[in-house]
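*Asks:* Supplied structure: run28.pdb, PDB, C-alpha atoms.
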```pdb
ATOM      1  CA  MET T 329     -68.668 -23.357  86.224
ATOM      2  CA  GLN T 330     -71.396 -25.989  86.359
ATOM      3  CA  ASN T 331     -74.721 -25.362  84.761
ATOM      4  CA  ARG T 332     -77.986 -25.413  86.696
ATOM      5  CA  GLU T 333     -79.268 -28.655  85.173
ATOM      6  CA  SER T 334     -76.321 -30.728  86.391
ATOM      7  CA  ILE T 335     -76.597 -29.254  89.900
ATOM      8  CA  LYS T 336     -80.347 -29.860  89.917
ATOM      9  CA  SER T 337     -79.957 -33.459  88.731
ATOM     10  CA  ARG T 338     -77.332 -34.255  91.386
ATOM     11  CA  THR T 339     -79.385 -32.806  94.232
ATOM     12  CA  GLY T 340     -82.494 -34.519  92.879
ATOM     13  CA  MET T 341     -80.726 -37.895  92.926
ATOM     14  CA  THR T 342     -79.419 -37.240  96.437
ATOM     15  CA  GLY T 343     -82.907 -36.376  97.674
ATOM     16  CA  PHE T 344     -84.271 -39.442  95.898
ATOM     17  CA  LEU T 345     -81.742 -41.747  97.576
ATOM     18  CA  GLN T 346     -82.242 -40.115 100.973
ATOM     19  CA  LYS T 347     -86.001 -40.581 100.736
ATOM     20  CA  PHE T 348     -85.675 -44.263  99.904
ATOM     21  CA  ALA T 349     -83.041 -44.830 102.589
ATOM     22  CA  LEU T 350     -85.402 -43.237 105.110
ATOM     23  CA  PHE T 351     -88.338 -45.436 104.052
ATOM     24  CA  PHE T 352     -86.112 -48.513 104.216
ATOM     25  CA  LEU T 353     -84.823 -47.644 107.690
ATOM     26  CA  ILE T 354     -88.323 -46.936 109.008
ATOM     27  CA  GLY T 355     -89.456 -50.307 107.678
ATOM     28  CA  PHE T 356     -86.325 -52.016 109.008
ATOM     29  CA  PHE T 357     -86.849 -50.774 112.556
ATOM     30  CA  CYS T 358     -90.584 -51.566 112.435
ATOM     31  CA  GLY T 359     -89.776 -55.100 111.268
ATOM     32  CA  ALA T 360     -87.190 -55.501 114.006
ATOM     33  CA  LEU T 361     -89.710 -54.264 116.557
ATOM     34  CA  LEU T 362     -92.343 -56.703 115.290
ATOM     35  CA  TYR T 363     -89.929 -59.596 115.604
ATOM     36  CA  TYR T 364     -88.908 -58.488 119.075
ATOM     37  CA  ILE T 365     -92.523 -58.282 120.222
ATOM     38  CA  PHE T 366     -93.478 -61.688 118.772
ATOM     39  CA  GLN T 367     -90.142 -63.495 119.104
ATOM     40  CA  ASN T 368     -91.593 -66.360 121.173
ATOM     41  CA  SER T 369     -93.775 -67.324 118.214
ATOM     42  CA  PHE T 370     -90.766 -67.893 115.954
ATOM     43  CA  GLY T 371     -88.359 -69.732 118.238
ATOM     44  CA  GLU T 372     -88.396 -73.102 116.478
ATOM     45  CA  LEU T 373     -88.248 -71.678 112.955
ATOM     46  CA  ILE T 374     -84.457 -71.212 112.949
ATOM     47  CA  ALA T 375     -83.929 -74.951 113.489
ATOM     48  CA  GLN T 376     -86.434 -75.720 110.720
ATOM     49  CA  MET T 377     -84.662 -73.326 108.351
ATOM     50  CA  GLU T 378     -81.283 -74.945 109.052
ATOM     51  CA  LYS T 379     -82.812 -78.380 108.476
ATOM     52  CA  ASN T 380     -84.277 -77.237 105.156
ATOM     53  CA  VAL T 381     -80.934 -75.841 103.967
ATOM     54  CA  GLN T 382     -79.204 -79.121 104.875
ATOM     55  CA  GLU T 383     -81.874 -81.138 103.029
ATOM     56  CA  TRP T 384     -81.562 -78.915  99.967
ATOM     57  CA  GLY T 385     -77.793 -79.291 100.095
ATOM     58  CA  SER T 386     -77.826 -83.075 100.475
ATOM     59  CA  GLY T 387     -80.127 -83.593  97.497
ATOM     60  CA  GLU T 388     -79.289 -83.015  93.879
ATOM     61  CA  ARG T 389     -79.546 -79.397  92.936
ATOM     62  CA  GLN T 390     -81.490 -78.659  89.822
ATOM     63  CA  PRO T 391     -80.301 -75.294  88.537
ATOM     64  CA  GLY T 392     -83.330 -74.905  86.288
ATOM     65  CA  TYR T 393     -85.725 -75.363  89.184
ATOM     66  CA  GLU T 394     -83.764 -72.978  91.393
ATOM     67  CA  PHE T 395     -83.732 -70.394  88.606
ATOM     68  CA  LEU T 396     -87.513 -70.685  88.131
ATOM     69  CA  ARG T 397     -88.052 -70.429  91.895
ATOM     70  CA  SER T 398     -85.907 -67.299  92.037
ATOM     71  CA  LEU T 399     -87.664 -65.906  88.992
ATOM     72  CA  TRP T 400     -91.034 -66.453  90.681
ATOM     73  CA  ILE T 401     -89.978 -64.981  94.030
ATOM     74  CA  HIS T 402     -88.439 -61.815  92.606
ATOM     75  CA  GLY T 403     -90.503 -61.673  89.435
ATOM     76  CA  LYS T 404     -93.855 -61.104  91.121
ATOM     77  CA  TYR T 405     -92.550 -57.961  92.828
ATOM     78  CA  PHE T 406     -90.818 -56.802  89.683
ATOM     79  CA  LEU T 407     -93.897 -57.389  87.526
ATOM     80  CA  LEU T 408     -96.065 -55.563  90.047
ATOM     81  CA  LEU T 409     -93.581 -52.685  89.971
ATOM     82  CA  TRP T 410     -93.861 -52.322  86.212
ATOM     83  CA  LEU T 411     -97.631 -52.821  86.107
ATOM     84  CA  LEU T 412     -98.182 -50.157  88.744
ATOM     85  CA  SER T 413     -95.674 -47.824  87.100
ATOM     86  CA  VAL T 414     -98.150 -47.066  84.334
ATOM     87  CA  SER T 415    -100.955 -46.299  86.768
ATOM     88  CA  ARG T 416    -101.586 -43.603  89.333
ATOM     89  CA  ALA T 417    -100.012 -45.866  91.934
ATOM     90  CA  ALA T 418     -96.604 -45.024  90.447
ATOM     91  CA  GLN T 419     -96.435 -42.058  92.812
ATOM     92  CA  TRP T 420     -96.559 -44.126  95.980
ATOM     93  CA  TYR T 421     -95.681 -47.732  95.064
ATOM     94  CA  PRO T 422     -91.868 -47.307  95.185
ATOM     95  CA  GLN T 423     -92.076 -45.896  98.721
ATOM     96  CA  VAL T 424     -94.481 -48.626  99.873
ATOM     97  CA  PHE T 425     -92.299 -51.333  98.339
ATOM     98  CA  THR T 426     -89.203 -49.868 100.004
ATOM     99  CA  LEU T 427     -91.005 -49.697 103.365
ATOM    100  CA  TYR T 428     -92.163 -53.321 102.952
ATOM    101  CA  THR T 429     -88.663 -54.462 102.001
ATOM    102  CA  GLY T 430     -87.238 -52.699 105.053
ATOM    103  CA  LEU T 431     -89.871 -54.379 107.235
ATOM    104  CA  ARG T 432     -88.925 -57.821 105.881
ATOM    105  CA  GLN T 433     -85.212 -57.178 106.284
ATOM    106  CA  GLY T 434     -85.552 -55.863 109.842
ATOM    107  CA  PHE T 435     -87.628 -58.885 110.793
ATOM    108  CA  LEU T 436     -85.125 -61.284 109.208
ATOM    109  CA  ALA T 437     -82.118 -59.558 110.744
ATOM    110  CA  LEU T 438     -83.458 -59.980 114.270
ATOM    111  CA  PHE T 439     -84.707 -63.479 113.447
ATOM    112  CA  PHE T 440     -81.178 -64.589 112.585
ATOM    113  CA  ILE T 441     -79.463 -62.621 115.340
ATOM    114  CA  PHE T 442     -81.765 -63.935 118.073
ATOM    115  CA  GLY T 443     -81.632 -67.466 116.638
ATOM    116  CA  ARG T 444     -77.873 -67.684 116.075
ATOM    117  CA  GLY T 445     -76.365 -64.941 118.215
ATOM    118  CA  ALA T 446     -73.543 -62.925 116.701
ATOM    119  CA  ALA T 447     -73.166 -65.521 113.924
ATOM    120  CA  GLY T 448     -76.705 -64.569 112.902
ATOM    121  CA  ILE T 449     -75.345 -61.372 111.385
ATOM    122  CA  LEU T 450     -73.250 -63.460 108.997
ATOM    123  CA  VAL T 451     -76.204 -65.732 108.206
ATOM    124  CA  TYR T 452     -78.390 -62.687 107.534
ATOM    125  CA  LEU T 453     -75.795 -61.132 105.212
ATOM    126  CA  ALA T 454     -75.285 -64.463 103.415
ATOM    127  CA  GLY T 455     -79.037 -64.580 102.834
ATOM    128  CA  LEU T 456     -78.760 -61.341 100.880
ATOM    129  CA  PHE T 457     -75.802 -62.359  98.751
ATOM    130  CA  PRO T 458     -75.236 -62.323  95.707
ATOM    131  CA  GLN T 459     -78.611 -61.519  94.147
ATOM    132  CA  ASN T 460     -79.222 -58.341  96.129
ATOM    133  CA  LEU T 461     -75.971 -56.833  94.896
ATOM    134  CA  ILE T 462     -77.665 -56.787  91.504
ATOM    135  CA  LEU T 463     -81.284 -56.257  92.548
ATOM    136  CA  LEU T 464     -80.687 -53.196  94.742
ATOM    137  CA  PRO T 465     -79.249 -50.967  92.006
ATOM    138  CA  LEU T 466     -81.786 -52.369  89.565
ATOM    139  CA  TYR T 467     -84.736 -51.424  91.768
ATOM    140  CA  LEU T 468     -83.274 -48.011  92.520
ATOM    141  CA  PHE T 469     -82.830 -47.398  88.791
ATOM    142  CA  CYS T 470     -86.403 -48.499  88.103
ATOM    143  CA  PHE T 471     -87.799 -46.398  90.949
ATOM    144  CA  TYR T 472     -85.869 -43.397  89.722
ATOM    145  CA  ARG T 473     -87.157 -43.885  86.177
ATOM    146  CA  ILE T 474     -90.718 -44.219  87.455
ATOM    147  CA  THR T 475     -90.765 -41.345  89.928
ATOM    148  CA  GLN T 476     -88.456 -38.820  88.287
ATOM    149  CA  ASP T 477     -88.672 -39.464  84.557
ATOM    150  CA  ARG T 478     -92.435 -39.789  84.058
ATOM    151  CA  GLN T 479     -92.521 -37.538  80.992
ATOM    152  CA  ARG T 480     -89.629 -39.155  79.147
ATOM    153  CA  ARG T 481     -90.226 -42.064  76.869
ATOM    154  CA  HIS T 482     -88.477 -45.250  77.861
ATOM    155  CA  PRO T 483     -86.505 -46.628  74.949
ATOM    156  CA  VAL T 484     -86.667 -50.339  74.191
ATOM    157  CA  ALA T 485     -82.978 -50.637  75.108
ATOM    158  CA  VAL T 486     -83.823 -49.678  78.711
ATOM    159  CA  TYR T 487     -86.432 -52.445  78.930
ATOM    160  CA  VAL T 488     -84.063 -54.987  77.419
ATOM    161  CA  LEU T 489     -81.225 -53.964  79.752
ATOM    162  CA  VAL T 490     -83.461 -54.069  82.845
ATOM    163  CA  THR T 491     -84.765 -57.507  81.856
ATOM    164  CA  VAL T 492     -81.272 -58.894  81.242
ATOM    165  CA  VAL T 493     -79.986 -57.533  84.567
ATOM    166  CA  PHE T 494     -83.035 -58.940  86.373
ATOM    167  CA  LEU T 495     -82.495 -62.372  84.829
ATOM    168  CA  ALA T 496     -78.804 -62.181  85.776
ATOM    169  CA  ALA T 497     -79.806 -61.509  89.405
ATOM    170  CA  CYS T 498     -82.134 -64.526  89.412
ATOM    171  CA  LEU T 499     -79.448 -66.681  87.787
ATOM    172  CA  SER T 500     -76.851 -65.590  90.355
ATOM    173  CA  GLU T 501     -79.234 -66.492  93.155
ATOM    174  CA  ALA T 502     -79.967 -69.891  91.622
ATOM    175  CA  ARG T 503     -76.293 -70.653  91.103
ATOM    176  CA  PHE T 504     -74.550 -69.187  94.160
ATOM    177  CA  HIS T 505     -77.043 -68.450  96.963
ATOM    178  CA  LEU T 506     -77.642 -71.945  98.345
ATOM    179  CA  PRO T 507     -73.942 -72.911  98.391
ATOM    180  CA  ILE T 508     -73.180 -69.694 100.270
ATOM    181  CA  MET T 509     -75.951 -70.421 102.802
ATOM    182  CA  GLU T 510     -74.697 -74.002 103.220
ATOM    183  CA  ALA T 511     -71.176 -72.760 103.873
ATOM    184  CA  VAL T 512     -72.354 -70.266 106.488
ATOM    185  CA  LEU T 513     -74.726 -72.654 108.244
TER     186      LEU T 513
END
```
Translate this file's structure into structure tokens.

*Replies:*
Amino acid sequence: MQNRESIKSRTGMTGFLQKFALFFLIGFFCGALLYYIFQNSFGELIAQMEKNVQEWGSGERQPGYEFLRSLWIHGKYFLLLWLLSVSRAAQWYPQVFTLYTGLRQGFLALFFIFGRGAAGILVYLAGLFPQNLILLPLYLFCFYRITQDRQRRHPVAVYVLVTVVFLAACLSEARFHLPIMEAVL
């Protein structure tokens, strides 16, 4: 027979994941709706994006620069997450960030689908790979630690592990993302 704590922790994690999935989906559909409403404003951007990817691919890639760019792009959100986690904003920031991420992803999904047709789905998915395979569980872990484990002390090993995994996500983006996008486009 299972004890009450294990049942409580499993249902708490399920509720946690359901809440974040709901915020993401709300943001996703709002982002898709925004793109749909203003799609005429973004018509020429798909051609510009393809041109930029081709220019990046034809030039010499500098892995250090790509790593720093990835670190900057993802690092500002990650730093904001940890700065706000020690404030009163820790109660609402994970939900707002998830809603914002859903909004961006919904917008981008329709942007690629309307710009490239059915192939846009593949372009959209390639834009998420491989860094988001690492970042998604990392953010969920961090959000869970912030929202559910407020009273527990965070050991140094957790900070080191989160930092190493975050750097691995940025490194994977710097190394593999652009070649994947080039192959798809």

*Asks:* Determine, counting all atoms listed in the file, which protein, DNA and RNA residues have an atom within 9 Å of an atom of region 408-420 of chain T; residues of the same chain fewer than 2 positions away are not included. Present the result as a list in words.

*Replies:*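 Neighbouring residues, sequence-local ones excluded: Gly403, Lys404, Tyr405, Phe406, Pro422, Gln423, Val424, Phe425, Cys470, Phe471, Ile474 and Thr475 of chain T.
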
*Asks:* Counting only C-alpha atoms, I want the residues whose atoms come within 12 Å of (-78.7, -70.2, 117.4) in the file frame, returned as a list in words.

*Replies:*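 The residues near that point, listed by chain and number, are Gly371, Glu372, Leu373, Ile374, Ala375, Gln376, Met377, Glu378, Leu438, Phe439, Phe440, Ile441, Phe442, Gly443, Arg444, Gly445, Ala446, Ala447, Gly448, Ile449, Val451 and Leu513 of chain T.
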
*Asks:* Report, in Å with one decimal, the straight-line distance from CA of Leu345 (chain T) to CA of Ala496 (chain T).

*Replies:*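 Computing the Euclidean distance for CA of Leu345 (chain T) and CA of Ala496 (chain T) yields 23.8 Å.
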
*Asks:* Show which residues sit within 8 Å of region 354-365 of chain T, as a VMD selection string. Count all atoms listed in the file, and ignore same-chain residues fewer than 3 positions away.

*Replies:* chain T and resid 350 to 351 426 to 439

*Asks:* Counting only C-alpha atoms, which of T:Cys498, T:Asn380, T:Gln346, T:Ala511 gets nearest to Arg397 (chain T)?

*Replies:*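 So, comparing all the options, the nearest one is T:Cys498.
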
*Asks:* Work out how far apart CA of Leu461 (chain T) and CA of Ala497 (chain T) are and give it in Å to one decimal.

*Replies:*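 It comes out at 8.2 Å.
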
*Asks:* When you draw a straight line from CA of Gly455 (chain T) to CA of Ala502 (chain T), how long is it in Å?

*Replies:*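 Separation of CA of Gly455 (chain T) and CA of Ala502 (chain T): 12.4 Å.
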
*Asks:* List the neighbours of Leu396 (chain T) out to 12 Å using only C-alpha atoms; skip same-chain residues closer than 2 positions along the sequence, and give me the result as a PyMOL selection string.

*Replies:* chain T and resi 390-394+398-404+495+498-499+501-503

*Asks:* From the set T:Val490, T:Ala454, T:Met341, T:Leu466, which residue has the shortest atom-to-atom contact distance to Pro507 (chain T), counting all atoms listed in the file?

*Replies:*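 When distances to Pro507 (chain T) are compared using all atoms listed in the file, the smallest one comes from T:Ala454.
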
*Asks:* Go through T:Met509, T:Val492, T:Leu468, T:Val486 one by one, measure the shortest atom-to-atom distance of each to Lys347 (chain T) using all atoms listed in the file, and give the residue with the smallest value.

*Replies:*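 Using all atoms listed in the file, Lys347 (chain T) sits closest to T:Leu468.
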
*Asks:* Taking only all heavy atoms, show region 441-457 of chain T of the given structure as an mmCIF file, in the first residue's frame.

*Replies:*
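Here's the written file decode33.cif:
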```cif
data_model
loop_
_atom_site.group_PDB
_atom_site.id
_atom_site.type_symbol
_atom_site.label_atom_id
_atom_site.label_comp_id
_atom_site.auth_asym_id
_atom_site.auth_seq_id
_atom_site.Cartn_x
_atom_site.Cartn_y
_atom_site.Cartn_z
ATOM 1 N N ILE T 441 3.758 28.061 -41.109
ATOM 2 C CA ILE T 441 2.748 27.316 -41.859
ATOM 3 C C ILE T 441 2.173 28.176 -42.979
ATOM 4 O O ILE T 441 2.027 27.728 -44.115
ATOM 5 C CB ILE T 441 1.651 26.780 -40.924
ATOM 6 C CG1 ILE T 441 2.237 25.679 -40.029
ATOM 7 C CG2 ILE T 441 0.464 26.248 -41.711
ATOM 8 C CD1 ILE T 441 1.338 25.248 -38.895
ATOM 9 N N PHE T 442 1.859 29.435 -42.694
ATOM 10 C CA PHE T 442 1.310 30.304 -43.732
ATOM 11 C C PHE T 442 2.373 30.665 -44.766
ATOM 12 O O PHE T 442 2.064 30.869 -45.929
ATOM 13 C CB PHE T 442 0.731 31.572 -43.119
ATOM 14 C CG PHE T 442 -0.675 31.414 -42.629
ATOM 15 C CD1 PHE T 442 -1.047 30.348 -41.830
ATOM 16 C CD2 PHE T 442 -1.642 32.342 -42.959
ATOM 17 C CE1 PHE T 442 -2.329 30.203 -41.369
ATOM 18 C CE2 PHE T 442 -2.947 32.207 -42.504
ATOM 19 C CZ PHE T 442 -3.284 31.128 -41.712
ATOM 20 N N GLY T 443 3.635 30.756 -44.330
ATOM 21 C CA GLY T 443 4.709 31.125 -45.252
ATOM 22 C C GLY T 443 5.181 29.980 -46.114
ATOM 23 O O GLY T 443 5.612 30.190 -47.250
ATOM 24 N N ARG T 444 5.133 28.751 -45.608
ATOM 25 C CA ARG T 444 5.689 27.607 -46.327
ATOM 26 C C ARG T 444 4.683 26.495 -46.585
ATOM 27 O O ARG T 444 5.047 25.450 -47.102
ATOM 28 C CB ARG T 444 6.854 27.015 -45.532
ATOM 29 C CG ARG T 444 7.963 27.945 -45.174
ATOM 30 C CD ARG T 444 8.986 28.057 -46.210
ATOM 31 N NE ARG T 444 9.392 26.759 -46.694
ATOM 32 C CZ ARG T 444 10.588 26.478 -47.126
ATOM 33 N NH1 ARG T 444 11.506 27.389 -47.102
ATOM 34 N NH2 ARG T 444 10.874 25.289 -47.591
ATOM 35 N N GLY T 445 3.455 26.677 -46.176
ATOM 36 C CA GLY T 445 2.461 25.620 -46.363
ATOM 37 C C GLY T 445 2.691 24.475 -45.395
ATOM 38 O O GLY T 445 3.155 24.676 -44.271
ATOM 39 N N ALA T 446 2.426 23.266 -45.850
ATOM 40 C CA ALA T 446 2.585 22.099 -44.981
ATOM 41 C C ALA T 446 4.041 21.896 -44.569
ATOM 42 O O ALA T 446 4.320 21.405 -43.481
ATOM 43 C CB ALA T 446 2.059 20.845 -45.678
ATOM 44 N N ALA T 447 4.986 22.290 -45.423
ATOM 45 C CA ALA T 447 6.403 22.185 -45.079
ATOM 46 C C ALA T 447 6.761 23.119 -43.920
ATOM 47 O O ALA T 447 7.775 22.926 -43.257
ATOM 48 C CB ALA T 447 7.270 22.503 -46.286
ATOM 49 N N GLY T 448 5.920 24.098 -43.663
ATOM 50 C CA GLY T 448 6.151 25.020 -42.555
ATOM 51 C C GLY T 448 6.125 24.325 -41.208
ATOM 52 O O GLY T 448 6.779 24.771 -40.264
ATOM 53 N N ILE T 449 5.371 23.237 -41.118
ATOM 54 C CA ILE T 449 5.343 22.474 -39.864
ATOM 55 C C ILE T 449 6.728 21.912 -39.582
ATOM 56 O O ILE T 449 7.230 21.984 -38.457
ATOM 57 C CB ILE T 449 4.291 21.349 -39.929
ATOM 58 C CG1 ILE T 449 2.895 21.949 -40.063
ATOM 59 C CG2 ILE T 449 4.383 20.444 -38.710
ATOM 60 C CD1 ILE T 449 1.811 20.944 -40.380
ATOM 61 N N LEU T 450 7.381 21.385 -40.615
ATOM 62 C CA LEU T 450 8.727 20.850 -40.459
ATOM 63 C C LEU T 450 9.724 21.956 -40.122
ATOM 64 O O LEU T 450 10.598 21.769 -39.272
ATOM 65 C CB LEU T 450 9.147 20.114 -41.738
ATOM 66 C CG LEU T 450 10.484 19.407 -41.694
ATOM 67 C CD1 LEU T 450 10.497 18.338 -40.606
ATOM 68 C CD2 LEU T 450 10.785 18.789 -43.050
ATOM 69 N N VAL T 451 9.593 23.101 -40.766
ATOM 70 C CA VAL T 451 10.480 24.233 -40.480
ATOM 71 C C VAL T 451 10.281 24.698 -39.031
ATOM 72 O O VAL T 451 11.248 24.963 -38.313
ATOM 73 C CB VAL T 451 10.232 25.400 -41.460
ATOM 74 C CG1 VAL T 451 11.046 26.624 -41.080
ATOM 75 C CG2 VAL T 451 10.550 24.978 -42.880
ATOM 76 N N TYR T 452 9.040 24.773 -38.604
ATOM 77 C CA TYR T 452 8.745 25.171 -37.221
ATOM 78 C C TYR T 452 9.375 24.199 -36.230
ATOM 79 O O TYR T 452 10.022 24.600 -35.271
ATOM 80 C CB TYR T 452 7.234 25.257 -37.006
ATOM 81 C CG TYR T 452 6.841 25.408 -35.568
ATOM 82 C CD1 TYR T 452 7.066 26.596 -34.886
ATOM 83 C CD2 TYR T 452 6.246 24.351 -34.873
ATOM 84 C CE1 TYR T 452 6.721 26.733 -33.553
ATOM 85 C CE2 TYR T 452 5.893 24.476 -33.552
ATOM 86 C CZ TYR T 452 6.131 25.675 -32.891
ATOM 87 O OH TYR T 452 5.793 25.798 -31.579
ATOM 88 N N LEU T 453 9.187 22.902 -36.456
ATOM 89 C CA LEU T 453 9.751 21.893 -35.552
ATOM 90 C C LEU T 453 11.275 21.916 -35.577
ATOM 91 O O LEU T 453 11.915 21.744 -34.535
ATOM 92 C CB LEU T 453 9.216 20.509 -35.905
ATOM 93 C CG LEU T 453 7.728 20.309 -35.641
ATOM 94 C CD1 LEU T 453 7.274 18.947 -36.155
ATOM 95 C CD2 LEU T 453 7.396 20.482 -34.175
ATOM 96 N N ALA T 454 11.869 22.147 -36.746
ATOM 97 C CA ALA T 454 13.332 22.243 -36.831
ATOM 98 C C ALA T 454 13.842 23.453 -36.060
ATOM 99 O O ALA T 454 14.934 23.416 -35.498
ATOM 100 C CB ALA T 454 13.767 22.326 -38.289
ATOM 101 N N GLY T 455 13.041 24.511 -36.008
ATOM 102 C CA GLY T 455 13.427 25.694 -35.246
ATOM 103 C C GLY T 455 13.471 25.444 -33.749
ATOM 104 O O GLY T 455 14.113 26.184 -33.007
ATOM 105 N N LEU T 456 12.820 24.411 -33.296
ATOM 106 C CA LEU T 456 12.797 24.080 -31.872
ATOM 107 C C LEU T 456 13.875 23.076 -31.480
ATOM 108 O O LEU T 456 14.102 22.842 -30.294
ATOM 109 C CB LEU T 456 11.432 23.498 -31.499
ATOM 110 C CG LEU T 456 10.224 24.394 -31.690
ATOM 111 C CD1 LEU T 456 8.957 23.608 -31.415
ATOM 112 C CD2 LEU T 456 10.314 25.600 -30.803
ATOM 113 N N PHE T 457 14.498 22.466 -32.462
ATOM 114 C CA PHE T 457 15.383 21.337 -32.204
ATOM 115 C C PHE T 457 16.838 21.766 -32.277
ATOM 116 O O PHE T 457 17.171 22.570 -33.132
ATOM 117 C CB PHE T 457 15.090 20.247 -33.242
ATOM 118 C CG PHE T 457 15.758 18.955 -32.968
ATOM 119 C CD1 PHE T 457 15.252 18.104 -32.012
ATOM 120 C CD2 PHE T 457 16.903 18.593 -33.640
ATOM 121 C CE1 PHE T 457 15.868 16.900 -31.746
ATOM 122 C CE2 PHE T 457 17.518 17.409 -33.389
ATOM 123 C CZ PHE T 457 17.009 16.560 -32.437
#
```
